[in-house]
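Participant: Please find protein-v5.cif (mmCIF, C-alpha atoms) on the next line:
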```cif
data_protein
#
loop_
_atom_site.label_atom_id
_atom_site.label_comp_id
_atom_site.auth_asym_id
_atom_site.auth_seq_id
_atom_site.Cartn_x
_atom_site.Cartn_y
_atom_site.Cartn_z
CA MET A 1 148.04 152.06 114.74
CA ARG A 2 145.48 150.49 117.13
CA PRO A 3 146.61 148.67 120.24
CA ALA A 4 146.63 144.89 119.79
CA GLY A 5 144.19 144.40 122.66
CA ILE A 6 141.40 146.29 120.87
CA ALA A 7 141.74 144.23 117.69
CA LEU A 8 141.69 141.02 119.72
CA ALA A 9 138.53 142.12 121.56
CA ALA A 10 136.80 142.76 118.23
CA LEU A 11 137.74 139.30 116.95
CA VAL A 12 136.45 137.63 120.09
CA ALA A 13 133.13 139.49 119.82
CA LEU A 14 132.46 138.45 116.18
CA PRO A 15 131.61 134.77 116.71
CA ALA A 16 128.63 135.52 119.01
CA PRO A 17 126.05 136.01 116.18
CA PHE A 18 127.49 132.96 114.43
CA ALA A 19 127.08 130.91 117.60
CA ALA A 20 123.45 132.04 117.95
CA ALA A 21 122.74 131.10 114.32
CA GLN A 22 124.38 127.71 114.84
CA THR A 23 122.24 127.06 117.94
CA ALA A 24 119.08 127.93 115.97
CA ALA A 25 120.15 125.60 113.14
CA ASP A 26 120.78 122.78 115.63
CA SER A 27 117.30 123.21 117.13
CA CYS A 28 115.81 122.91 113.60
CA ALA A 29 117.66 119.68 112.77
CA VAL A 30 115.51 116.99 111.14
CA SER A 31 115.69 113.41 112.44
CA PHE A 32 114.14 110.59 110.38
CA THR A 33 114.42 106.89 111.26
CA ALA A 34 112.79 103.65 110.12
CA GLU A 35 112.62 100.32 111.94
CA ASP A 36 111.05 96.90 111.55
CA ALA A 37 107.73 96.85 113.40
CA ASP A 38 107.17 93.08 112.84
CA ALA A 39 104.54 91.38 110.67
CA GLY A 40 105.73 93.09 107.48
CA LEU A 41 105.31 96.60 108.84
CA VAL A 42 107.82 99.43 109.12
CA ARG A 43 107.68 102.25 111.67
CA ALA A 44 108.80 105.68 110.44
CA VAL A 45 109.64 108.33 113.05
CA LEU A 46 110.17 111.95 111.98
CA ASP A 47 111.15 114.86 114.21
CA ALA A 48 111.30 118.31 112.60
CA PRO A 49 110.81 120.92 115.37
CA CYS A 50 110.80 123.89 112.98
CA ALA A 51 108.10 122.31 110.81
CA ALA A 52 105.52 121.75 113.59
CA GLY A 53 101.96 121.59 112.32
CA THR A 54 102.96 121.34 108.65
CA THR A 55 102.35 118.53 106.17
CA VAL A 56 105.06 116.02 105.27
CA THR A 57 105.04 113.72 102.25
CA LEU A 58 106.34 110.19 102.84
CA PHE A 59 107.57 107.99 99.99
CA HIS A 60 108.18 104.23 100.03
CA ASP A 61 108.52 102.52 96.63
CA ALA A 62 105.14 102.96 94.89
CA LEU A 63 103.50 104.31 98.05
CA THR A 64 103.20 108.07 98.59
CA PHE A 65 101.07 109.67 101.26
CA GLN A 66 100.85 112.85 103.30
CA ALA A 67 100.58 113.29 107.04
CA LYS A 68 100.61 116.23 109.42
CA LEU A 69 103.33 116.80 112.01
CA ASP A 70 102.06 117.47 115.53
CA ASP A 71 102.54 120.74 117.42
CA VAL A 72 106.15 119.85 118.32
CA GLY A 73 107.05 118.63 114.82
CA HIS A 74 106.78 114.88 115.55
CA LEU A 75 105.25 112.09 113.46
CA THR A 76 105.18 108.32 113.96
CA ALA A 77 103.68 106.36 111.06
CA LEU A 78 103.17 102.60 110.77
CA LEU A 79 103.07 101.46 107.16
CA PRO A 80 103.27 98.22 105.20
CA ALA A 81 106.72 97.38 103.86
CA LEU A 82 106.80 96.97 100.09
CA SER A 83 110.21 95.31 100.02
CA PRO A 84 112.53 93.44 102.43
CA GLU A 85 114.83 96.51 102.56
CA ALA A 86 112.38 99.34 103.19
CA LEU A 87 113.70 102.65 101.86
CA LEU A 88 111.64 105.61 103.05
CA MET A 89 111.94 109.29 102.20
CA ALA A 90 110.32 112.27 103.87
CA SER A 91 109.86 115.64 102.18
CA LEU A 92 108.86 118.70 104.22
CA ALA A 93 106.95 121.69 102.88
CA ASP A 94 110.11 123.86 102.89
CA GLY A 95 111.94 121.41 100.60
CA THR A 96 113.96 119.71 103.34
CA SER A 97 114.17 115.95 102.80
CA ALA A 98 115.54 112.96 104.68
CA ALA A 99 115.86 109.23 104.03
CA ALA A 100 115.92 106.11 106.19
CA VAL A 101 116.33 102.38 105.51
CA ALA A 102 115.19 99.40 107.57
CA PRO A 103 115.41 95.64 106.92
CA VAL A 104 111.91 94.22 107.40
CA ALA A 105 110.90 90.65 108.23
CA ALA A 106 108.16 89.01 106.17
CA GLY A 107 104.56 89.26 107.27
CA PRO A 108 101.02 88.54 106.09
CA ALA A 109 99.90 89.58 102.63
CA ARG A 110 98.54 93.13 102.59
CA THR A 111 96.54 95.34 100.30
CA ILE A 112 96.91 99.11 100.06
CA LEU A 113 94.23 101.33 98.55
CA ILE A 114 95.30 104.81 97.43
CA GLY A 115 92.40 107.03 96.52
CA ASP A 116 92.13 109.11 93.39
CA THR A 117 88.52 109.93 92.52
CA MET A 118 87.47 107.05 94.80
CA THR A 119 88.62 108.35 98.15
CA PRO A 120 89.11 106.31 101.34
CA ALA A 121 86.33 108.40 102.89
CA MET A 122 83.90 106.57 100.56
CA VAL A 123 85.20 103.13 101.54
CA LYS A 124 84.46 101.00 104.61
CA VAL A 125 86.88 98.13 105.24
CA ASP A 126 86.99 96.13 108.48
CA ASP A 127 90.35 96.26 110.28
CA ALA A 128 91.85 98.78 107.86
CA THR A 129 94.58 101.19 108.95
CA GLN A 130 94.46 104.73 107.59
CA LEU A 131 97.59 106.18 105.91
CA GLY A 132 97.03 109.92 105.82
CA PRO A 133 93.86 111.23 104.17
CA ASP A 134 94.26 109.38 100.85
CA ALA A 135 95.29 105.79 101.60
CA MET A 136 94.52 102.77 103.79
CA PHE A 137 95.83 99.22 104.14
CA TRP A 138 94.70 95.88 105.56
CA ALA A 139 95.91 92.28 105.86
CA GLY A 140 94.36 89.41 103.91
CA GLN A 141 91.20 89.40 101.84
CA ARG A 142 88.59 91.99 102.80
CA THR A 143 85.19 93.10 101.56
CA LEU A 144 85.05 96.79 100.72
CA THR A 145 81.76 98.62 100.87
CA VAL A 146 81.85 101.78 98.77
CA GLN A 147 79.19 104.39 99.51
CA LEU A 148 78.51 106.44 96.39
CA ASP A 149 76.78 109.78 96.01
CA PRO A 150 74.02 110.01 93.38
CA ALA A 151 75.89 113.07 92.07
CA ASP A 152 78.62 110.66 90.93
CA CYS A 153 76.32 108.55 88.76
CA GLY A 154 77.66 107.95 85.28
CA LYS A 155 81.26 108.60 86.38
CA THR A 156 84.16 106.19 86.71
CA LEU A 157 85.83 106.23 90.11
CA THR A 158 89.52 105.37 90.19
CA ALA A 159 92.06 104.28 92.79
CA THR A 160 95.41 102.50 92.91
CA VAL A 161 95.75 99.13 94.62
CA ILE A 162 99.14 97.86 95.78
CA SER A 163 99.20 94.14 96.52
CA VAL A 164 102.03 92.90 98.78
CA ASP A 165 102.63 89.18 99.21
CA SER A 166 104.02 87.50 102.34
CA ALA A 167 107.60 87.70 100.97
CA LEU A 168 107.20 91.49 100.59
CA HIS A 169 107.02 91.52 96.80
CA SER A 170 104.56 94.12 95.57
CA ARG A 171 102.61 94.90 92.42
CA VAL A 172 100.61 97.98 91.52
CA LEU A 173 97.18 97.67 89.91
CA PRO A 174 94.64 100.29 88.81
CA LEU A 175 91.09 100.05 90.17
CA ASP A 176 88.27 101.49 88.06
CA LEU A 177 84.64 101.43 89.19
CA ALA A 178 82.17 102.48 86.48
CA LEU A 179 78.92 103.77 87.96
CA PRO A 180 75.48 103.40 86.38
CA ALA A 181 74.01 106.31 84.47
CA CYS A 182 71.55 108.76 86.00
CA PRO A 183 68.97 108.99 87.34
CA VAL A 184 69.66 107.06 90.53
CA PRO A 185 66.96 107.20 93.25
CA GLY A 186 69.26 107.23 96.28
CA PRO A 187 72.70 106.39 97.65
CA LEU A 188 74.52 103.58 95.86
CA LEU A 189 76.54 100.83 97.52
CA ALA A 190 79.24 98.86 95.72
CA THR A 191 80.82 95.76 97.24
CA LEU A 192 84.33 94.75 96.19
CA ILE A 193 86.57 91.98 97.51
CA LEU A 194 90.28 92.77 97.46
CA GLY A 195 93.28 90.85 98.75
CA ASP A 196 95.05 87.53 98.16
#
```
When written as structure tokens, how does the structure in this file appear?

Facilitator:
Amino acid sequence: MRPAGIALAALVALPAPFAAAQTAADSCAVSFTAEDADAGLVRAVLDAPCAAGTTVTLFHDALTFQAKLDDVGHLTALLPALSPEALLMASLADGTSAAAVAPVAAGPARTILIGDTMTPAMVKVDDATQLGPDAMFWAGQRTLTVQLDPADCGKTLTATVISVDSALHSRVLPLDLALPACPVPGPLLATLILGD
């Protein structure tokens, strides 16, 4: 039979690896908050230290876009609210997800353009705010100038438009832009007017 003191020493020594693992888990904790940023906008703040430099997908009603966390795992994104109670979700590359809710006051009507085959890189809109690489939004009616490559002639370019009124009610509409057939002598410009 072993002396009681030896058994007790072994039991005291066991929690050390557990404590180290718990400390590592705490340092990898994900924090995700949302708050009213006035004028119909919501501010999302994500901190995920163990996901620094990776891409996160943000969801809010019909709006989905991707953004990159900085080198310490932080992201602040300003986006248009699509409802008075803005529910946001964040999904990290490793499958970790988090949700946040914020009540949002009404603001000016906004339009959101989410690129498909018509990408935001092709579109120039005054006073537009970029949402990741695939989406942008603006307040009020705006003229869009779309610069088209001759290689796209004969194609139909597509995007999704989300229209949000001043009471934060939204509707989703498809946008299709049919291009003329080839040959086209040079770059094409298309002018569209979107917004309430």

Participant: Hey, which of A:Ala109, A:Ala151, A:Leu144, A:Ala102 ends up closest to Leu194 in chain A? Count all atoms listed in the file.

Facilitator: A:Leu144

Participant: Output the residue selection produced by the PyMOL selection byres ((chain A and resi 87) around 10) on the file above, formatted as a PyMOL selection string.

Facilitator: chain A and resi 34+42+59-61+81-86+88-89+99-103

Participant: Choose the residue, out of A:Gly132, A:Pro174, A:Pro180, A:Gly53, that has the smallest atom-to-atom separation from Ala67 in chain A; count only C-alpha atoms.

Facilitator: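 Looking only at the distances to Ala67 in chain A, the closest residue turns out to be A:Gly132.
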
Participant: Using Å and a single decimal, report how far CA of Leu78 in chain A sits from CA of Lys124 in chain A.

Facilitator: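 If I compute the distance from CA of Lys124 in chain A to CA of Leu78 in chain A, I get 19.8 Å.
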
Participant: Run the PyMOL selection byres ((chain A and resi 106) around 8) mentally over the shown coordinates, then write out the matched residues as a list in words, using the chain letters and numbers from the document.

Facilitator: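 Output of the PyMOL selection byres ((chain A and resi 106) around 8): Asp38, Ala39, Gly40, Pro84, Val104, Ala105, Gly107, Pro108, Ser166, Ala167 and Leu168 of chain A.
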
Participant: What is the distance between CA of Lys155 in chain A and CA of Leu188 in chain A, in Å to one decimal?

Facilitator: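 Between CA of Lys155 in chain A and CA of Leu188 in chain A the gap is 12.7 Å.
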
Participant: Give, as JSON, the centre coordinates and the x, y and z edge lengths in Å to one decimal for an axis-aligned box around all listed atoms of range 46-54 of chain A, padded by 5 Å on each side.

Facilitator:
```
{"center_x": 106.6, "center_y": 117.9, "center_z": 112.0, "size_x": 19.3, "size_y": 21.9, "size_z": 16.7}
```

Participant: Tell me which of A:Ile112, A:Leu92, A:Leu177, A:Leu148 sits closest to Gln66 in chain A, counting only C-alpha atoms.

Facilitator: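 Looking only at the distances to Gln66 in chain A, the closest residue turns out to be A:Leu92.
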
Participant: What does the distance from CA of Ile114 in chain A to CA of Ser163 in chain A come to in Å, to one decimal?

Facilitator: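 Answer for the CA of Ile114 in chain A to CA of Ser163 in chain A separation: 11.4 Å.
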
Participant: Write a file for range 33-74 of chain A of the given structure; include C-alpha atoms and format it as a CSV table (one decimal), in the first residue's frame.

Facilitator:
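In the end it all went to part.csv:
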```csv
chain,number,residue,atom,x,y,z
A,33,THR,CA,-21.5,42.0,-31.0
A,34,ALA,CA,-23.9,44.1,-33.0
A,35,GLU,CA,-25.0,47.7,-32.2
A,36,ASP,CA,-27.1,50.4,-33.8
A,37,ALA,CA,-24.8,52.8,-35.7
A,38,ASP,CA,-27.6,55.3,-36.5
A,39,ALA,CA,-29.1,56.1,-39.9
A,40,GLY,CA,-30.3,52.6,-40.5
A,41,LEU,CA,-26.9,51.0,-40.1
A,42,VAL,CA,-25.6,48.3,-37.8
A,43,ARG,CA,-22.0,47.9,-36.6
A,44,ALA,CA,-20.8,44.3,-36.2
A,45,VAL,CA,-17.7,43.7,-34.2
A,46,LEU,CA,-16.0,40.3,-34.2
A,47,ASP,CA,-12.9,39.2,-32.2
A,48,ALA,CA,-11.5,35.7,-32.9
A,49,PRO,CA,-7.8,35.7,-31.9
A,50,CYS,CA,-7.2,32.2,-33.1
A,51,ALA,CA,-8.6,32.9,-36.6
A,52,ALA,CA,-6.4,35.9,-37.4
A,53,GLY,CA,-6.0,36.5,-41.1
A,54,THR,CA,-8.8,34.1,-42.1
A,55,THR,CA,-12.0,34.8,-43.9
A,56,VAL,CA,-15.3,35.1,-42.0
A,57,THR,CA,-18.8,34.9,-43.6
A,58,LEU,CA,-21.4,37.4,-42.2
A,59,PHE,CA,-25.1,36.8,-42.6
A,60,HIS,CA,-28.0,39.2,-42.1
A,61,ASP,CA,-31.4,38.3,-43.5
A,62,ALA,CA,-30.9,38.1,-47.3
A,63,LEU,CA,-27.4,39.6,-47.1
A,64,THR,CA,-24.3,37.4,-47.1
A,65,PHE,CA,-20.8,38.6,-47.5
A,66,GLN,CA,-17.2,37.7,-46.7
A,67,ALA,CA,-14.5,39.7,-45.0
A,68,LYS,CA,-11.0,39.1,-43.7
A,69,LEU,CA,-10.0,39.3,-40.1
A,70,ASP,CA,-6.9,41.4,-39.4
A,71,ASP,CA,-3.7,40.0,-38.0
A,72,VAL,CA,-5.1,39.9,-34.4
A,73,GLY,CA,-8.4,38.4,-35.4
A,74,HIS,CA,-10.5,41.6,-35.3
```
